[in-house]
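Engineer: Please find coords11.txt (compact mmCIF, C-alpha atoms) on the next line:
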# COMPACT_ATOMS: atom_id res chain seq x y z
CA MET X 1 113.28 106.46 -0.59
CA ASP X 2 114.01 102.72 -0.46
CA THR X 3 111.03 102.18 1.88
CA ALA X 4 108.68 104.08 -0.44
CA THR X 5 109.89 102.04 -3.43
CA HIS X 6 109.34 98.80 -1.53
CA MET X 7 105.80 99.84 -0.58
CA LEU X 8 105.03 100.77 -4.18
CA ARG X 9 106.27 97.46 -5.53
CA THR X 10 104.61 95.20 -3.00
CA GLY X 11 101.39 97.11 -2.46
CA ARG X 12 101.78 96.73 1.30
CA ARG X 13 101.43 99.67 3.64
CA GLY X 14 102.41 98.09 6.92
CA ALA X 15 100.71 96.26 9.77
CA LEU X 16 98.92 99.35 11.07
CA PHE X 17 97.20 99.91 7.72
CA GLN X 18 96.16 96.25 7.58
CA LEU X 19 94.61 96.52 11.03
CA GLN X 20 92.77 99.71 10.05
CA MET X 21 91.32 98.06 6.95
CA ALA X 22 90.31 94.96 8.92
CA ALA X 23 88.62 97.16 11.52
CA ARG X 24 86.86 99.04 8.73
CA ASP X 25 85.63 95.72 7.29
CA LEU X 26 84.27 94.71 10.70
CA ARG X 27 82.59 98.10 11.19
CA ASN X 28 81.01 98.02 7.74
CA SER X 29 79.73 94.49 8.33
CA PHE X 30 77.68 95.73 11.29
CA ALA X 31 76.15 98.35 9.03
CA ARG X 32 75.12 95.51 6.68
CA ILE X 33 73.97 93.09 9.36
CA GLY X 34 70.56 92.97 7.72
CA LEU X 35 72.16 91.61 4.56
CA ALA X 36 73.87 88.86 6.56
CA TRP X 37 70.51 87.90 8.07
CA SER X 38 68.84 87.90 4.65
CA LEU X 39 71.56 85.66 3.23
CA ALA X 40 71.22 83.27 6.19
CA THR X 41 67.44 83.00 5.89
CA HIS X 42 67.81 82.49 2.12
CA ASP X 43 70.30 79.66 2.73
CA VAL X 44 67.88 77.89 5.08
CA ALA X 45 64.88 78.45 2.82
CA SER X 46 66.66 77.31 -0.35
CA ARG X 47 68.01 74.20 1.35
CA TYR X 48 64.49 73.02 2.17
CA ARG X 49 62.57 74.48 -0.74
CA GLY X 50 59.75 72.12 -1.75
CA SER X 51 59.91 70.27 1.57
CA VAL X 52 56.78 69.92 3.71
CA LEU X 53 58.46 70.23 7.10
CA GLY X 54 61.40 72.36 5.96
CA PRO X 55 64.12 72.79 8.63
CA PHE X 56 61.98 70.81 11.05
CA TRP X 57 63.23 67.67 9.28
CA ILE X 58 66.54 68.24 11.10
CA THR X 59 64.63 68.79 14.33
CA LEU X 60 62.70 65.57 13.78
CA SER X 61 65.83 63.53 13.09
CA MET X 62 67.60 65.09 16.06
CA GLY X 63 64.59 64.37 18.27
CA LEU X 64 64.64 60.70 17.25
CA MET X 65 68.38 60.54 17.95
CA VAL X 66 67.84 62.12 21.39
CA LEU X 67 65.17 59.54 22.25
CA GLY X 68 67.25 56.63 20.96
CA ILE X 69 70.48 57.59 22.69
CA GLY X 70 68.70 58.79 25.84
CA PHE X 71 66.79 55.58 26.49
CA LEU X 72 69.68 53.34 25.42
CA TYR X 73 72.38 55.02 27.53
CA ALA X 74 70.02 55.41 30.49
CA SER X 75 69.48 51.66 30.37
CA LEU X 76 73.19 50.88 29.97
CA PHE X 77 74.32 53.25 32.73
CA LYS X 78 71.37 52.40 35.02
CA LEU X 79 70.30 56.06 35.19
CA PRO X 80 66.82 57.56 35.71
CA VAL X 81 65.36 58.43 32.30
CA ASN X 82 63.69 61.59 33.63
CA GLU X 83 67.12 62.97 34.58
CA PHE X 84 69.27 61.60 31.78
CA LEU X 85 67.03 62.31 28.77
CA PRO X 86 66.89 66.12 29.24
CA TYR X 87 70.66 66.05 29.85
CA VAL X 88 71.31 64.27 26.56
CA ALA X 89 68.77 66.37 24.66
CA LEU X 90 70.36 69.66 25.68
CA GLY X 91 73.84 68.27 25.04
CA ILE X 92 73.04 67.16 21.49
CA VAL X 93 71.18 70.37 20.58
CA PHE X 94 73.77 72.85 21.81
CA PHE X 95 76.82 70.86 20.79
CA GLY X 96 75.16 70.60 17.38
CA VAL X 97 75.07 74.41 17.19
CA MET X 98 78.79 74.60 17.92
CA THR X 99 79.55 71.85 15.42
CA GLY X 100 77.42 73.46 12.71
CA THR X 101 78.92 76.93 13.21
CA ILE X 102 82.51 75.66 13.13
CA ASN X 103 82.10 73.09 10.33
CA GLU X 104 80.15 75.47 8.09
CA GLY X 105 82.69 78.16 8.88
CA CYS X 106 85.11 76.28 6.65
CA ASP X 107 82.94 77.24 3.66
CA THR X 108 82.37 80.85 4.75
CA PHE X 109 84.54 82.42 2.06
CA VAL X 110 84.57 79.54 -0.41
CA GLN X 111 80.77 79.60 -0.62
CA ALA X 112 80.81 83.38 -1.11
CA SER X 113 83.64 83.42 -3.66
CA GLY X 114 81.36 84.74 -6.43
CA MET X 115 80.13 87.71 -4.40
CA LEU X 116 83.56 88.45 -2.95
CA SER X 117 85.15 88.59 -6.41
CA GLN X 118 82.44 90.80 -7.91
CA THR X 119 81.45 93.12 -5.06
CA ALA X 120 83.08 95.13 -2.29
CA LEU X 121 81.00 93.62 0.52
CA PRO X 122 82.69 93.36 3.94
CA MET X 123 84.09 89.89 4.47
CA PHE X 124 82.73 89.76 7.99
CA THR X 125 79.24 89.84 6.47
CA PHE X 126 79.71 86.21 5.45
CA VAL X 127 80.97 85.27 8.91
CA TRP X 128 77.74 86.61 10.43
CA ARG X 129 75.85 84.78 7.69
CA THR X 130 77.19 81.46 8.98
CA VAL X 131 76.44 82.35 12.60
CA PHE X 132 72.89 83.50 11.80
CA ARG X 133 72.21 80.37 9.76
CA ASN X 134 73.01 78.20 12.76
CA LEU X 135 71.02 80.49 15.05
CA ILE X 136 67.99 79.86 12.85
CA ASN X 137 68.60 76.12 13.12
CA LEU X 138 68.87 76.49 16.90
CA ALA X 139 65.52 78.28 16.96
CA HIS X 140 63.95 75.22 15.33
CA HIS X 141 65.69 72.84 17.72
CA LEU X 142 64.42 74.77 20.75
CA VAL X 143 61.25 72.73 20.28
CA ILE X 144 63.22 69.76 21.64
CA VAL X 145 64.71 71.77 24.50
CA VAL X 146 61.40 73.28 25.62
CA GLY X 147 59.62 69.96 25.20
CA MET X 148 62.10 68.12 27.41
CA LEU X 149 62.17 70.80 30.10
CA ALA X 150 58.37 70.96 30.18
CA PHE X 151 57.67 67.22 30.04
CA TYR X 152 60.08 66.31 32.84
CA GLY X 153 59.45 69.46 34.91
CA THR X 154 63.05 70.61 34.71
CA TRP X 155 61.87 74.14 33.85
CA LYS X 156 61.06 74.64 37.53
CA VAL X 157 64.78 74.75 38.44
CA ALA X 158 66.06 76.28 35.19
CA ASN X 159 67.83 79.65 35.11
CA PRO X 160 67.11 81.12 31.64
CA PHE X 161 69.15 84.27 32.28
CA LEU X 162 72.37 82.37 33.00
CA ALA X 163 71.63 80.04 30.09
CA LEU X 164 71.30 83.05 27.78
CA ILE X 165 74.70 84.30 28.95
CA GLY X 166 76.08 80.85 28.21
CA ILE X 167 74.58 80.89 24.70
CA VAL X 168 76.17 84.30 24.02
CA LEU X 169 79.57 83.08 25.22
CA MET X 170 79.18 79.91 23.15
CA LEU X 171 78.37 81.86 19.97
CA VAL X 172 81.13 84.43 20.55
CA ASN X 173 83.72 81.65 20.82
CA ALA X 174 82.27 79.55 18.01
CA SER X 175 82.34 82.65 15.77
CA TRP X 176 86.08 83.25 16.00
CA ILE X 177 86.79 79.54 15.52
CA SER X 178 84.49 79.63 12.48
CA LEU X 179 86.32 82.65 11.07
CA LEU X 180 89.72 81.04 11.65
CA ALA X 181 88.53 77.85 9.94
CA GLY X 182 87.21 79.92 7.03
CA ILE X 183 90.53 81.69 6.51
CA ALA X 184 92.51 78.44 6.68
CA SER X 185 90.05 76.61 4.39
CA ALA X 186 90.27 79.33 1.75
CA ARG X 187 94.01 78.69 1.54
CA TYR X 188 94.16 74.93 2.20
CA ARG X 189 91.22 72.83 0.97
CA ASP X 190 92.12 69.92 3.28
CA ILE X 191 91.17 71.95 6.34
CA PRO X 192 87.39 71.19 6.22
CA GLN X 193 88.06 67.45 6.47
CA ILE X 194 90.43 68.04 9.38
CA VAL X 195 87.91 70.26 11.19
CA VAL X 196 85.09 67.73 10.73
CA SER X 197 87.32 64.98 12.13
CA ILE X 198 88.26 67.11 15.14
CA MET X 199 84.62 67.90 15.89
CA GLN X 200 83.66 64.23 15.58
CA PHE X 201 86.41 63.38 18.05
CA ALA X 202 85.37 66.23 20.36
CA ILE X 203 81.75 65.09 20.66
CA PHE X 204 82.86 61.76 22.13
CA MET X 205 85.43 63.37 24.45
CA THR X 206 82.88 65.90 25.72
CA PRO X 207 80.10 64.85 28.13
CA VAL X 208 77.28 65.02 25.61
CA PHE X 209 76.10 61.39 25.91
CA TRP X 210 77.67 60.61 29.27
CA LEU X 211 77.96 62.23 32.71
CA PRO X 212 81.09 64.10 33.84
CA SER X 213 81.08 62.08 37.05
CA ARG X 214 82.07 59.05 34.98
CA PHE X 215 85.55 60.57 34.61
CA GLY X 216 86.16 60.17 38.32
CA GLU X 217 89.70 61.09 39.27
CA HIS X 218 90.46 62.14 35.68
CA GLN X 219 88.32 65.28 36.00
CA ILE X 220 91.31 67.39 34.98
CA TYR X 221 90.89 66.21 31.39
CA LEU X 222 87.41 67.72 31.36
CA ASP X 223 88.73 70.98 32.75
CA LEU X 224 91.16 71.14 29.82
CA ASN X 225 88.38 70.51 27.29
CA PRO X 226 87.05 73.89 26.01
CA PHE X 227 83.94 72.26 24.56
CA TYR X 228 83.00 71.01 28.01
CA HIS X 229 82.99 74.57 29.35
CA LEU X 230 81.09 75.86 26.30
CA LEU X 231 78.41 73.22 26.78
CA GLN X 232 78.23 73.40 30.56
CA ALA X 233 77.67 77.18 30.52
CA VAL X 234 74.39 76.59 28.65
CA ARG X 235 73.21 73.18 29.79
CA GLY X 236 74.00 73.61 33.48
CA PRO X 237 71.63 76.56 34.13
CA LEU X 238 68.82 74.94 32.13
CA LEU X 239 69.07 71.81 34.29
CA GLY X 240 69.36 73.76 37.53
CA GLN X 241 73.00 72.74 37.96
CA PRO X 242 75.62 75.20 39.30
CA VAL X 243 78.25 76.48 36.86
CA LEU X 244 81.68 76.98 38.36
CA PRO X 245 83.19 80.49 38.08
CA ALA X 246 86.20 78.85 36.42
CA THR X 247 83.99 77.99 33.44
CA TYR X 248 83.14 81.64 32.83
CA VAL X 249 86.80 82.63 33.29
CA VAL X 250 87.81 80.07 30.67
CA LEU X 251 85.12 81.17 28.20
CA VAL X 252 85.79 84.90 28.55
CA SER X 253 89.54 84.30 28.25
CA MET X 254 88.98 82.14 25.17
CA ALA X 255 86.80 84.84 23.61
CA VAL X 256 89.27 87.67 24.21
CA VAL X 257 92.43 85.80 23.23
CA GLY X 258 90.76 83.92 20.38
CA TRP X 259 89.17 86.98 18.77
CA LEU X 260 92.34 89.04 19.17
CA ALA X 261 94.55 86.38 17.56
CA THR X 262 92.02 85.60 14.81
CA PHE X 263 91.48 89.28 14.02
CA LEU X 264 95.24 89.78 13.64
CA ILE X 265 95.37 86.81 11.27
CA PHE X 266 92.38 88.18 9.35
CA ALA X 267 94.03 91.59 9.07
CA ARG X 268 97.16 90.02 7.62
CA THR X 269 95.37 87.71 5.16
CA ARG X 270 92.31 89.83 4.26
CA ARG X 271 93.70 91.01 0.92
CA ARG X 272 94.77 87.49 -0.05
CA ILE X 273 91.56 85.60 0.69
CA VAL X 274 89.96 86.49 -2.66
CA HIS X 275 93.10 85.34 -4.46
CA TYR X 276 93.03 82.07 -2.52
CA LEU X 277 89.52 81.44 -3.82
Let's see the structure in the file written out as structure tokens.
Structural biologist:
Amino acid sequence: MDTATHMLRTGRRGALFQLQMAARDLRNSFARIGLAWSLATHDVASRYRGSVLGPFWITLSMGLMVLGIGFLYASLFKLPVNEFLPYVALGIVFFGVMTGTINEGCDTFVQASGMLSQTALPMFTFVWRTVFRNLINLAHHLVIVVGMLAFYGTWKVANPFLALIGIVLMLVNASWISLLAGIASARYRDIPQIVVSIMQFAIFMTPVFWLPSRFGEHQIYLDLNPFYHLLQAVRGPLLGQPVLPATYVVLVSMAVVGWLATFLIFARTRRRIVHYL
């Protein structure tokens, strides 16, 4: 009797019910995956409405940054440009996808506050919206990747199949980090600034602009850097470099543990997110 009264007063039905509702939200979001794609394409189109080049402005600016950093660092480190430039190009493009997915994840629910408060759409729909939006950006940036691989002949040693596996693992891990950042940002509005700062720090601590061999005997610090493994799983196969099995073990473990922990947090906070907004 006391338990029933407590449930009636608090509106809570236990952890099992919360997990069931979270699973239902996830399942319903897959049924509305087309809506998530439509929202993502609308975001990209509206951001560049009236522009001549559209999203290719980002590609152009990223291409100029790749050329500037590539030639400068190759000169400073005394490295062959034909080897270093594709390395930097792939690093900037794919790390940019991770950064965009995670940083924009902070606004996942805040940006959708109007729709969440007025409709019964699955919350995961807006998570996929963020992921798809960055996938569309990646599609534009592939011009840089393909151009570098073709111009310097690196495509001859590339392994697209392994690179595709790496991209999937990268997106799977970036997605749960994005969701976690979205939940935290809905409750605490300082989180986006913290996340941006962490990602800015991470790009300099990850071999995006420099070679892992420069770490020398401190290689263990790279092994403890998850962004290094996320990047290496994609860039390595495209450059014909071997990817250690430990990298895949780390990424799969991150995906399983990260999604499990984040899903439990989502199940517990799902009903409160709208109130946070």
Engineer: I want to know what sits within 8 Å of Thr59 of chain X, based on all atoms listed in the file, with residues of the same chain fewer than 5 positions away left out; could you give that as a PyMOL selection string?
Structural biologist: chain X and resi 140-141+143-144
Engineer: Tell me which protein, DNA and RNA residues are within 9 Å of Glu104 of chain X, counting all atoms listed in the file, leaving out same-chain ones fewer than 2 positions away, and put them as an MDAnalysis selection string.
Structural biologist: chainID X and resid 99:102 106:108 130 134 178 181:182 192
Engineer: Of the candidates X:Ala36, X:Val274, X:Val127, X:Ala267, which shows the shortest atom-to-atom distance to Gln20 of chain X, using only C-alpha atoms?
Structural biologist: X:Ala267
Engineer: Which one of X:Val88, X:Leu60, X:Asn137, X:Phe95 sits closest to Leu72 of chain X if you count all atoms listed in the file?
Structural biologist: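 Between X:Val88, X:Leu60, X:Asn137, X:Phe95, the residue approaching Leu72 of chain X most closely is X:Val88.
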Engineer: If the box runs along x, y and z of the file and leaves 6 Å on each side of segment 250-260 of chain X, what are its centre and edge lengths in Å, one decimal, as JSON?
Structural biologist:
{"center_x": 88.8, "center_y": 84.6, "center_z": 24.7, "size_x": 19.3, "size_y": 21.0, "size_z": 23.9}
Engineer: For a test of reading the model, state the distance in Å between atom CA of Trp210 of chain X and atom CA of Ser61 of chain X, rounded to one decimal.
Structural biologist: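 Straight-line distance from atom CA of Trp210 of chain X to atom CA of Ser61 of chain X works out to 20.3 Å.
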Engineer: So, with all atoms listed in the file as the atoms that count, which of X:Val172, X:Pro122, X:Tyr48, X:Phe109 lies closest to Ala23 of chain X?
Structural biologist: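 Looking only at the distances to Ala23 of chain X, the closest residue turns out to be X:Pro122.
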Engineer: Need the shell around segment 155-168 of chain X: protein/DNA/RNA residues with any atom at most 8 Å away, counting only C-alpha atoms. Skip same-chain ones fewer than 4 positions apart. Format as a VMD selection string?
Structural biologist: chain X and resid 149 to 150 172 230 233 to 240
Engineer: Find, counting only C-alpha atoms, the residue in X:Phe126, X:Phe209, X:Phe17, X:Phe94 that gets nearest to Tyr73 of chain X.
Structural biologist: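 That would be X:Phe209, the residue with the smallest distance to Tyr73 of chain X.
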Engineer: Separation of atom CA of Ile69 of chain X and atom CA of Phe132 of chain X, in Å?
Structural biologist: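 It comes out at 28.2 Å.
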Engineer: Rank nothing, just name the residue among X:Arg24, X:Leu260, X:Ile136, X:Ala15 nearest to Ile58 of chain X, using only C-alpha atoms.
Structural biologist: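 Checking each of X:Arg24, X:Leu260, X:Ile136, X:Ala15 against Ile58 of chain X, counting only C-alpha atoms, the winner is X:Ile136.
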Engineer: Quick one: of X:Val131, X:Ile177, X:Ala120, X:Met62, who's nearest to Val145 of chain X, counting all atoms listed in the file?
Structural biologist: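 Nearest candidate to Val145 of chain X out of X:Val131, X:Ile177, X:Ala120, X:Met62: X:Met62.
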Engineer: Atom CA of Ser38 of chain X to atom CA of Ser113 of chain X: how many Å, to one decimal?
Structural biologist: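 Those two atoms sit 17.6 Å apart.
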Engineer: Using only C-alpha atoms, which residues sit within 9 Å of Pro86 of chain X once same-chain residues fewer than 3 positions away are excluded, as a PyMOL selection string?
Structural biologist: chain X and resi 66+70+81-83+89-91+145+148-149+152+154+239
Engineer: Within 12 Å of (94.2, 89.0, 4.0) (file coordinates; all atoms listed in the file), which protein or nucleic acid residues are there? I'd like them as a CSV table (one decimal) with C-alpha atoms, keeping the file's coordinate frame.
Structural biologist:
chain,number,residue,atom,x,y,z
X,12,ARG,CA,101.8,96.7,1.3
X,15,ALA,CA,100.7,96.3,9.8
X,17,PHE,CA,97.2,99.9,7.7
X,18,GLN,CA,96.2,96.2,7.6
X,19,LEU,CA,94.6,96.5,11.0
X,21,MET,CA,91.3,98.1,7.0
X,22,ALA,CA,90.3,95.0,8.9
X,25,ASP,CA,85.6,95.7,7.3
X,109,PHE,CA,84.5,82.4,2.1
X,123,MET,CA,84.1,89.9,4.5
X,180,LEU,CA,89.7,81.0,11.6
X,182,GLY,CA,87.2,79.9,7.0
X,183,ILE,CA,90.5,81.7,6.5
X,184,ALA,CA,92.5,78.4,6.7
X,186,ALA,CA,90.3,79.3,1.8
X,187,ARG,CA,94.0,78.7,1.5
X,262,THR,CA,92.0,85.6,14.8
X,263,PHE,CA,91.5,89.3,14.0
X,264,LEU,CA,95.2,89.8,13.6
X,265,ILE,CA,95.4,86.8,11.3
X,266,PHE,CA,92.4,88.2,9.4
X,267,ALA,CA,94.0,91.6,9.1
X,268,ARG,CA,97.2,90.0,7.6
X,269,THR,CA,95.4,87.7,5.2
X,270,ARG,CA,92.3,89.8,4.3
X,271,ARG,CA,93.7,91.0,0.9
X,272,ARG,CA,94.8,87.5,0.0
X,273,ILE,CA,91.6,85.6,0.7
X,274,VAL,CA,90.0,86.5,-2.7
X,275,HIS,CA,93.1,85.3,-4.5
X,276,TYR,CA,93.0,82.1,-2.5
X,277,LEU,CA,89.5,81.4,-3.8
